[in-house]
file input-v9.cif (mmCIF, C-alpha atoms and all ligand atoms)
data_target
loop_
_atom_site.label_atom_id
_atom_site.label_comp_id
_atom_site.auth_asym_id
_atom_site.auth_seq_id
_atom_site.Cartn_x
_atom_site.Cartn_y
_atom_site.Cartn_z
CA MET U 1 11.59 14.30 13.07
CA ARG U 2 7.93 14.62 14.09
CA SER U 3 6.01 12.29 11.77
CA PHE U 4 2.31 12.14 11.03
CA VAL U 5 0.91 8.99 9.39
CA VAL U 6 -2.60 9.05 7.93
CA GLY U 7 -3.65 5.39 7.93
CA GLY U 8 -0.80 4.49 10.32
CA ALA U 9 -2.74 1.74 12.15
CA GLY U 10 -3.08 -0.33 8.96
CA PHE U 11 -0.84 -2.95 7.37
CA ILE U 12 1.92 -0.86 5.75
CA GLY U 13 1.33 2.09 8.10
CA SER U 14 2.00 0.08 11.25
CA HIS U 15 5.27 -1.29 9.81
CA LEU U 16 6.24 2.27 8.86
CA VAL U 17 5.52 3.42 12.41
CA ASP U 18 7.90 0.66 13.64
CA ARG U 19 10.65 2.48 11.73
CA LEU U 20 9.57 6.09 12.31
CA VAL U 21 9.62 5.88 16.12
CA GLU U 22 13.43 5.49 15.81
CA ARG U 23 13.50 9.05 14.40
CA GLY U 24 11.18 10.88 16.80
CA PRO U 25 7.57 11.15 17.95
CA VAL U 26 4.88 9.77 15.65
CA THR U 27 1.20 10.71 15.41
CA VAL U 28 -1.05 8.11 13.81
CA TYR U 29 -4.29 9.47 12.35
CA ASP U 30 -6.62 6.60 11.50
CA ASP U 31 -10.38 6.00 11.49
CA LEU U 32 -9.76 2.33 12.43
CA SER U 33 -12.06 1.18 9.63
CA VAL U 34 -9.42 -1.44 8.78
CA GLY U 35 -6.41 -0.68 10.98
CA LYS U 36 -6.06 -1.88 14.56
CA PRO U 37 -4.53 -0.07 17.58
CA ALA U 38 -2.93 -3.43 18.46
CA PHE U 39 -0.73 -3.18 15.34
CA ILE U 40 1.02 -0.18 16.96
CA GLY U 41 0.27 -1.22 20.55
CA ALA U 42 3.89 -1.34 21.76
CA HIS U 43 4.59 2.20 20.51
CA LEU U 44 1.37 3.56 22.03
CA ALA U 45 2.28 1.93 25.37
CA SER U 46 5.82 3.37 25.28
CA GLY U 47 4.51 6.85 24.44
CA ARG U 48 6.60 7.02 21.25
CA ALA U 49 3.43 7.08 19.13
CA THR U 50 0.05 8.72 19.71
CA LEU U 51 -3.20 7.65 18.06
CA VAL U 52 -5.75 10.22 16.93
CA GLU U 53 -8.92 8.44 15.85
CA GLY U 54 -10.21 10.49 12.94
CA ASP U 55 -11.46 10.37 9.39
CA ALA U 56 -9.31 11.78 6.57
CA LEU U 57 -12.56 13.16 5.14
CA ASP U 58 -12.92 15.37 8.26
CA LEU U 59 -10.70 18.23 7.09
CA PRO U 60 -10.95 20.44 10.23
CA ARG U 61 -10.01 17.51 12.51
CA LEU U 62 -7.18 16.42 10.22
CA THR U 63 -5.85 19.99 9.97
CA ALA U 64 -5.90 20.47 13.75
CA ALA U 65 -4.16 17.11 14.39
CA LEU U 66 -1.38 17.82 11.87
CA ARG U 67 -0.16 21.01 13.61
CA ASP U 68 3.57 20.96 14.58
CA HIS U 69 4.78 18.04 12.46
CA ASP U 70 7.69 17.89 10.00
CA VAL U 71 6.45 15.26 7.57
CA ILE U 72 3.13 13.68 6.58
CA PHE U 73 2.84 10.15 5.16
CA HIS U 74 -0.53 9.67 3.49
CA LEU U 75 -1.43 5.97 3.44
CA ALA U 76 -5.21 5.91 4.02
CA ALA U 77 -7.22 4.57 1.06
CA ASN U 78 -9.88 2.10 0.07
CA PRO U 79 -8.08 -1.16 0.90
CA GLU U 80 -9.66 -3.35 -1.75
CA ALA U 81 -9.72 -2.33 -5.43
CA ARG U 82 -12.64 -4.73 -6.04
CA TRP U 83 -14.95 -2.75 -3.70
CA GLY U 84 -15.01 0.09 -6.24
CA LEU U 85 -17.14 -2.17 -8.46
CA GLU U 86 -19.98 -2.08 -5.93
CA ARG U 87 -19.53 1.46 -4.54
CA THR U 88 -18.39 3.72 -7.34
CA ARG U 89 -17.89 6.79 -5.05
CA LEU U 90 -15.58 4.89 -2.71
CA ASP U 91 -12.28 5.62 -4.47
CA LEU U 92 -13.32 9.18 -5.28
CA GLU U 93 -13.88 9.81 -1.56
CA GLN U 94 -11.26 7.58 0.13
CA GLY U 95 -8.67 8.13 -2.60
CA THR U 96 -9.03 11.45 -4.41
CA ILE U 97 -10.77 13.61 -1.77
CA ALA U 98 -8.86 12.12 1.18
CA THR U 99 -5.61 12.90 -0.66
CA TYR U 100 -6.75 16.45 -1.36
CA ASN U 101 -7.58 16.83 2.36
CA ALA U 102 -4.16 15.57 3.42
CA LEU U 103 -2.49 18.01 1.01
CA GLU U 104 -4.66 20.91 2.14
CA ALA U 105 -4.01 20.14 5.82
CA ALA U 106 -0.27 20.11 5.03
CA ARG U 107 -0.51 23.45 3.19
CA VAL U 108 -2.41 25.16 6.00
CA ASN U 109 0.05 23.87 8.63
CA GLY U 110 3.19 24.62 6.60
CA VAL U 111 4.19 20.93 6.66
CA LYS U 112 6.44 20.80 3.60
CA LYS U 113 7.24 17.10 3.21
CA PHE U 114 4.40 14.98 1.80
CA VAL U 115 4.91 11.25 1.15
CA PHE U 116 2.28 9.37 -0.85
CA SER U 117 1.57 5.65 -1.24
CA SER U 118 0.71 5.26 -4.91
CA SER U 119 0.56 2.04 -6.87
CA GLY U 120 1.65 0.36 -10.08
CA THR U 121 -2.03 0.40 -11.09
CA VAL U 122 -1.43 3.92 -12.49
CA TYR U 123 0.23 2.25 -15.52
CA GLY U 124 -3.02 0.59 -16.61
CA ASN U 125 -3.22 -2.72 -18.43
CA VAL U 126 0.33 -2.96 -19.81
CA ALA U 127 2.23 -6.26 -19.79
CA GLU U 128 5.68 -4.74 -20.52
CA ALA U 129 7.81 -3.43 -17.67
CA CYS U 130 6.92 0.22 -16.97
CA GLY U 131 9.35 2.95 -15.95
CA GLU U 132 8.12 6.06 -14.12
CA GLY U 133 7.49 7.99 -17.37
CA ASP U 134 5.39 5.27 -19.03
CA LEU U 135 1.97 6.74 -18.31
CA GLY U 136 0.57 6.52 -21.83
CA SER U 137 -2.00 3.88 -20.92
CA LEU U 138 -4.49 5.15 -18.32
CA PRO U 139 -5.54 3.15 -15.19
CA ILE U 140 -8.36 0.62 -15.66
CA SER U 141 -9.76 0.47 -12.08
CA LEU U 142 -11.44 3.20 -10.02
CA TYR U 143 -8.73 2.55 -7.40
CA GLY U 144 -5.97 3.15 -9.98
CA ALA U 145 -7.79 6.24 -11.25
CA SER U 146 -7.88 7.68 -7.72
CA LYS U 147 -4.12 7.07 -7.28
CA PHE U 148 -3.49 8.78 -10.62
CA ALA U 149 -5.64 11.75 -9.55
CA GLY U 150 -3.82 11.88 -6.20
CA GLU U 151 -0.45 12.05 -7.95
CA ALA U 152 -1.68 14.87 -10.20
CA MET U 153 -2.95 16.80 -7.19
CA ILE U 154 0.41 16.41 -5.44
CA ALA U 155 2.18 17.79 -8.53
CA ALA U 156 -0.16 20.81 -8.46
CA PHE U 157 0.37 21.47 -4.71
CA VAL U 158 4.14 21.17 -5.23
CA GLU U 159 4.05 23.75 -8.01
CA CYS U 160 1.51 26.16 -6.51
CA PHE U 161 2.34 26.03 -2.79
CA GLY U 162 5.96 24.89 -2.55
CA LEU U 163 5.27 21.46 -1.02
CA GLU U 164 7.96 18.75 -1.34
CA GLY U 165 6.15 15.75 -2.81
CA TYR U 166 7.45 12.17 -2.64
CA ILE U 167 5.43 9.59 -4.59
CA CYS U 168 6.16 5.85 -4.34
CA ARG U 169 4.36 3.48 -6.70
CA PHE U 170 4.27 0.19 -4.79
CA GLY U 171 4.00 -3.31 -6.18
CA ASN U 172 1.66 -5.65 -4.27
CA VAL U 173 2.81 -5.40 -0.67
CA VAL U 174 2.92 -8.59 1.41
CA GLY U 175 3.93 -9.57 4.93
CA PRO U 176 2.64 -9.99 8.46
CA ARG U 177 -0.33 -7.93 9.82
CA GLY U 178 -1.85 -7.99 6.33
CA THR U 179 -5.38 -6.67 6.17
CA HIS U 180 -6.22 -7.80 2.62
CA GLY U 181 -4.68 -9.28 -0.54
CA ALA U 182 -4.32 -12.69 -2.16
CA ILE U 183 -2.18 -14.39 0.50
CA LEU U 184 -4.48 -13.47 3.39
CA ASP U 185 -7.55 -14.23 1.25
CA PHE U 186 -6.28 -17.71 0.35
CA CYS U 187 -5.24 -18.55 3.92
CA MET U 188 -8.60 -17.40 5.31
CA LYS U 189 -10.47 -19.46 2.69
CA LEU U 190 -8.35 -22.52 3.50
CA LYS U 191 -9.05 -22.05 7.20
CA ALA U 192 -12.81 -21.94 6.55
CA THR U 193 -12.80 -24.76 3.95
CA PRO U 194 -9.63 -26.86 4.38
CA GLY U 195 -10.39 -29.20 1.44
CA ARG U 196 -10.54 -26.70 -1.43
CA LEU U 197 -9.34 -23.29 -2.53
CA GLU U 198 -11.29 -21.24 -5.03
CA VAL U 199 -9.13 -18.79 -6.99
CA LEU U 200 -10.51 -15.74 -8.85
CA GLY U 201 -9.20 -15.84 -12.42
CA ASP U 202 -7.25 -18.56 -14.19
CA GLY U 203 -4.21 -18.29 -11.89
CA ARG U 204 -1.92 -17.00 -14.63
CA GLN U 205 -2.17 -13.41 -13.35
CA ALA U 206 1.33 -12.30 -12.34
CA LYS U 207 2.45 -9.18 -10.49
CA PRO U 208 5.50 -7.87 -8.63
CA TYR U 209 5.23 -8.60 -4.89
CA LEU U 210 7.06 -6.36 -2.44
CA HIS U 211 7.84 -7.43 1.12
CA VAL U 212 6.53 -4.86 3.60
CA THR U 213 10.00 -4.43 5.14
CA ASP U 214 11.32 -3.41 1.69
CA CYS U 215 8.33 -1.10 1.30
CA THR U 216 9.02 0.85 4.50
CA ALA U 217 12.80 0.89 3.84
CA GLY U 218 12.13 2.29 0.36
CA LEU U 219 9.75 4.98 1.63
CA LEU U 220 12.34 6.23 4.13
CA PHE U 221 15.12 6.00 1.54
CA VAL U 222 13.11 8.18 -0.86
CA LEU U 223 12.43 10.72 1.87
CA ASP U 224 16.14 10.86 2.77
CA HIS U 225 17.73 10.71 -0.68
CA ALA U 226 15.38 12.00 -3.40
CA THR U 227 16.71 15.21 -4.85
CA GLY U 228 15.67 17.81 -7.34
CA GLU U 229 12.55 16.34 -8.90
CA ARG U 230 9.21 18.00 -8.09
CA PRO U 231 7.47 15.78 -7.17
CA ALA U 232 9.98 12.93 -6.74
CA THR U 233 8.32 9.81 -8.19
CA TYR U 234 9.66 6.26 -7.88
CA ASN U 235 8.56 2.71 -8.59
CA LEU U 236 9.02 0.72 -5.38
CA ALA U 237 8.86 -2.96 -6.34
CA PRO U 238 11.12 -5.82 -7.40
CA PRO U 239 11.73 -6.21 -11.15
CA ASP U 240 10.23 -9.74 -11.32
CA SER U 241 6.70 -11.03 -10.74
CA THR U 242 4.98 -14.04 -9.20
CA SER U 243 1.91 -15.85 -10.51
CA VAL U 244 -1.30 -16.26 -8.56
CA LYS U 245 -1.00 -20.03 -9.21
CA ARG U 246 2.35 -20.07 -7.37
CA ILE U 247 0.83 -18.15 -4.44
CA ALA U 248 -2.14 -20.54 -4.26
CA GLU U 249 0.17 -23.57 -4.26
CA LEU U 250 2.37 -22.11 -1.49
CA CYS U 251 -0.67 -21.26 0.65
CA VAL U 252 -2.08 -24.78 0.25
CA ALA U 253 1.31 -26.29 1.15
CA GLN U 254 1.42 -24.24 4.38
CA SER U 255 -2.22 -24.95 5.30
CA PRO U 256 -3.40 -27.71 7.67
CA ASN U 257 -4.51 -29.72 4.60
CA PRO U 258 -1.66 -29.64 2.02
CA SER U 259 -3.66 -31.84 -0.36
CA ALA U 260 -6.51 -29.30 -0.73
CA GLN U 261 -7.77 -28.97 -4.32
CA ILE U 262 -7.19 -25.63 -6.07
CA GLU U 263 -10.10 -24.58 -8.30
CA TYR U 264 -9.21 -21.90 -10.83
CA GLY U 265 -11.64 -19.62 -12.67
CA THR U 266 -11.62 -19.33 -16.44
CA THR U 267 -10.93 -15.60 -16.97
CA PRO U 268 -7.48 -13.98 -17.31
CA GLN U 269 -8.54 -11.23 -14.88
CA GLY U 270 -9.56 -11.86 -11.26
CA TRP U 271 -12.27 -9.18 -11.62
CA PRO U 272 -13.04 -6.25 -13.97
CA GLY U 273 -10.33 -3.62 -13.47
CA ASP U 274 -7.71 -6.16 -12.33
CA VAL U 275 -4.50 -5.86 -14.37
CA PRO U 276 -3.70 -9.50 -15.18
CA ARG U 277 0.04 -9.18 -15.78
CA SER U 278 2.23 -6.30 -14.74
CA LEU U 279 5.92 -5.52 -14.30
CA VAL U 280 7.71 -2.37 -13.25
CA LYS U 281 11.27 -1.12 -13.69
CA PRO U 282 12.85 -0.17 -10.38
CA ASP U 283 15.96 1.30 -12.12
CA LYS U 284 15.42 4.91 -11.08
CA LEU U 285 15.50 4.05 -7.38
CA ALA U 286 18.43 1.66 -7.99
CA LYS U 287 20.45 4.51 -9.56
CA LEU U 288 19.88 6.50 -6.38
CA GLY U 289 21.29 3.54 -4.41
CA PHE U 290 18.25 1.55 -3.23
CA ARG U 291 17.43 -2.05 -4.13
CA VAL U 292 14.79 -4.24 -2.50
CA ARG U 293 16.25 -7.11 -0.46
CA HIS U 294 13.64 -9.65 -1.59
CA SER U 295 12.76 -10.68 -5.13
CA SER U 296 9.04 -11.07 -5.81
CA ASP U 297 9.22 -14.87 -5.37
CA ASP U 298 11.22 -14.50 -2.11
CA ALA U 299 8.80 -11.89 -0.77
CA VAL U 300 5.87 -14.20 -1.49
CA ARG U 301 7.55 -17.27 0.07
CA LEU U 302 8.41 -15.32 3.21
CA ALA U 303 5.00 -13.66 3.47
CA VAL U 304 3.08 -16.92 2.96
CA ALA U 305 4.99 -18.42 5.92
CA GLU U 306 4.34 -15.28 8.03
CA VAL U 307 0.64 -15.03 7.19
CA ALA U 308 0.10 -18.80 7.55
CA ARG U 309 1.54 -18.59 11.09
CA GLU U 310 -0.90 -15.77 11.88
CA VAL U 311 -3.93 -17.52 10.36
CA PHE U 312 -3.32 -21.20 11.17
CA GLY U 313 -1.13 -20.72 14.27
CA GLY U 314 1.92 -22.84 15.06
N1 LIG K 1 -1.05 -3.33 0.23
C1 LIG K 1 -0.73 -3.18 -1.05
O1 LIG K 1 -0.47 -4.16 -1.77
C2 LIG K 1 -0.63 -1.80 -1.67
C3 LIG K 1 -0.15 -1.68 -2.98
C4 LIG K 1 -0.06 -0.41 -3.54
C5 LIG K 1 -0.45 0.70 -2.81
N2 LIG K 1 -0.94 0.55 -1.56
C6 LIG K 1 -1.39 1.73 -0.81
O2 LIG K 1 -0.71 1.81 0.43
C7 LIG K 1 -1.56 2.40 1.41
C8 LIG K 1 -1.64 1.51 2.65
O3 LIG K 1 -2.17 0.25 2.27
P1 LIG K 1 -2.37 -0.94 3.28
O4 LIG K 1 -2.20 -2.18 2.52
O5 LIG K 1 -1.56 -0.72 4.49
O6 LIG K 1 -3.92 -0.79 3.61
P2 LIG K 1 -4.68 -0.84 5.01
O7 LIG K 1 -6.14 -0.84 4.68
O8 LIG K 1 -4.15 -1.92 5.87
O9 LIG K 1 -4.29 0.55 5.67
C9 LIG K 1 -4.99 1.75 5.44
C10 LIG K 1 -5.30 2.39 6.78
O10 LIG K 1 -6.02 3.59 6.54
C11 LIG K 1 -7.13 3.65 7.41
N3 LIG K 1 -8.16 4.45 6.75
C12 LIG K 1 -8.90 4.10 5.66
N4 LIG K 1 -9.72 5.10 5.32
C13 LIG K 1 -9.49 6.11 6.20
C14 LIG K 1 -10.02 7.40 6.37
N5 LIG K 1 -10.99 7.89 5.58
N6 LIG K 1 -9.56 8.17 7.39
C15 LIG K 1 -8.59 7.70 8.22
N7 LIG K 1 -8.04 6.48 8.11
C16 LIG K 1 -8.48 5.69 7.11
C17 LIG K 1 -7.53 2.21 7.69
O11 LIG K 1 -8.20 2.04 8.91
C18 LIG K 1 -6.17 1.52 7.67
O12 LIG K 1 -5.60 1.51 8.96
C19 LIG K 1 -2.91 2.60 0.71
O13 LIG K 1 -2.97 3.93 0.24
C20 LIG K 1 -2.87 1.65 -0.46
O14 LIG K 1 -3.67 2.08 -1.53
C21 LIG K 1 -1.04 -0.67 -0.96
#
call {"tool": "encode", "arguments": {"input": "input-v9.cif", "output": "structure tokens"}}
result
Amino acid sequence: MRSFVVGGAGFIGSHLVDRLVERGPVTVYDDLSVGKPAFIGAHLASGRATLVEGDALDLPRLTAALRDHDVIFHLAANPEARWGLERTRLDLEQGTIATYNALEAARVNGVKKFVFSSSGTVYGNVAEACGEGDLGSLPISLYGASKFAGEAMIAAFVECFGLEGYICRFGNVVGPRGTHGAILDFCMKLKATPGRLEVLGDGRQAKPYLHVTDCTAGLLFVLDHATGERPATYNLAPPDSTSVKRIAELCVAQSPNPSAQIEYGTTPQGWPGDVPRSLVKPDKLAKLGFRVRHSSDDAVRLAVAEVAREVFGG
């Protein structure tokens, strides 16, 4: 299997490349805006992966690089939903247009299999557990809107051009080599200011956290086992959730100063567009035979230890 990973030098992408090299040669296409060649350094050195430095917004370059592959994983996106508040074109470009470009490059090259990293943000601000069909409430962030648009575009390319689309809606993904997210944020803050930790929002926000090893296992499972549906769409997350307060406490406990004070904000949301409480139903993927190995709480506990080692050393 010749795999092509747009955004493959980033957090999830580099873990996916760890798995894909077992199946055949891998091309990573990444502009290195966030990702690092070091994340895939061993595979580059062994020749099992090749890095093409390029922008997903450069359609001719992307199209040329994608020639002679069997499957494209599209993972490049704006990494931080909050940034859309300051640059309102960011998610349109890095989400919607970049996804169109990846689809168009696949169409031109006759690459049939297209795997997309979507997100639970497509369900909008809904506190009840959402199954894949529960799209009645629209996304509330520009990031979520761009994922929603990307999914719609995949459905259209599947129908009009015979692509095989695989859409996975991730929970919040955590683990080593993180490039963003609450755990890394908290550990970095505690490194800079060991005595206190400022938390955005009142700490009662709660979301499903997915360990990155479960994320990559789920992506490959969907590629191997999804049948019939066009496009095949799955929630990829544990059924439970973990509060921001719990994450903050675990990060403080693992930091060099375990008696650091945690200072919470007063709002239920961390920022405008943040969904304060969310849950998803992973039943559809479970029926197909896949369950995540880590609950949300387990994934967080494990990831806090992994990220703390990276940030604080030891
Ligand atoms: N991490 C999460 O919690 C989470 C949750 C749901 C969905 N997702 C989605 O999964 C995907 C991967 O997320 P991640 O956490 O690994 O993020 P990441 O930022 O670590 O990885 C994205 C990679 O894409 C690259 N990139 C960004 N813009 C690019 C462009 N225009 N052209 C080429 N490369 C570009 C970056 O350099 C980076 O290596 C994203 O689409 C993200 O929206 C992530």
call {"tool": "residues_near_ligand", "arguments": {"input": "input-v9.cif", "ligand": "ligand LIG 1 (chain K)", "cutoff": "7 Å", "atoms": "all atoms listed in the file", "output": "number ranges by chain"}}
result
U: 6-13, 29-36, 54-57, 75-79, 94, 98, 117-120, 169-174, 178-181
call {"tool": "atom_distance", "arguments": {"input": "input-v9.cif", "atom1": "atom CA of Glu151 of chain U", "atom2": "atom CA of Leu288 of chain U"}}
result
21.1 Å
call {"tool": "atom_distance", "arguments": {"input": "input-v9.cif", "atom1": "atom CA of Gly124 of chain U", "atom2": "atom CA of Ser141 of chain U"}}
result
8.1 Å
call {"tool": "atom_distance", "arguments": {"input": "input-v9.cif", "atom1": "atom CA of Thr216 of chain U", "atom2": "atom CA of Leu16 of chain U"}}
result
5.4 Å
call {"tool": "closest_residue", "arguments": {"input": "input-v9.cif", "among": "U:Thr213, U:Gln254, U:Ser46, U:Gln269", "to": "Val199 of chain U", "atoms": "all atoms listed in the file"}}
result
U:Gln269
call {"tool": "axis_aligned_box", "arguments": {"input": "input-v9.cif", "around": "segment 137-142 of chain U", "padding_each_side": "3 Å", "output": "AutoDock Vina command-line options"}}
result
--center_x -6.7 --center_y 2.8 --center_z -15.5 --size_x 15.4 --size_y 10.7 --size_z 16.9
call {"tool": "closest_residue", "arguments": {"input": "input-v9.cif", "among": "U:Leu200, U:Leu236, U:Leu20, U:Leu279", "to": "Gly265 of chain U", "atoms": "all atoms listed in the file"}}
result
U:Leu200
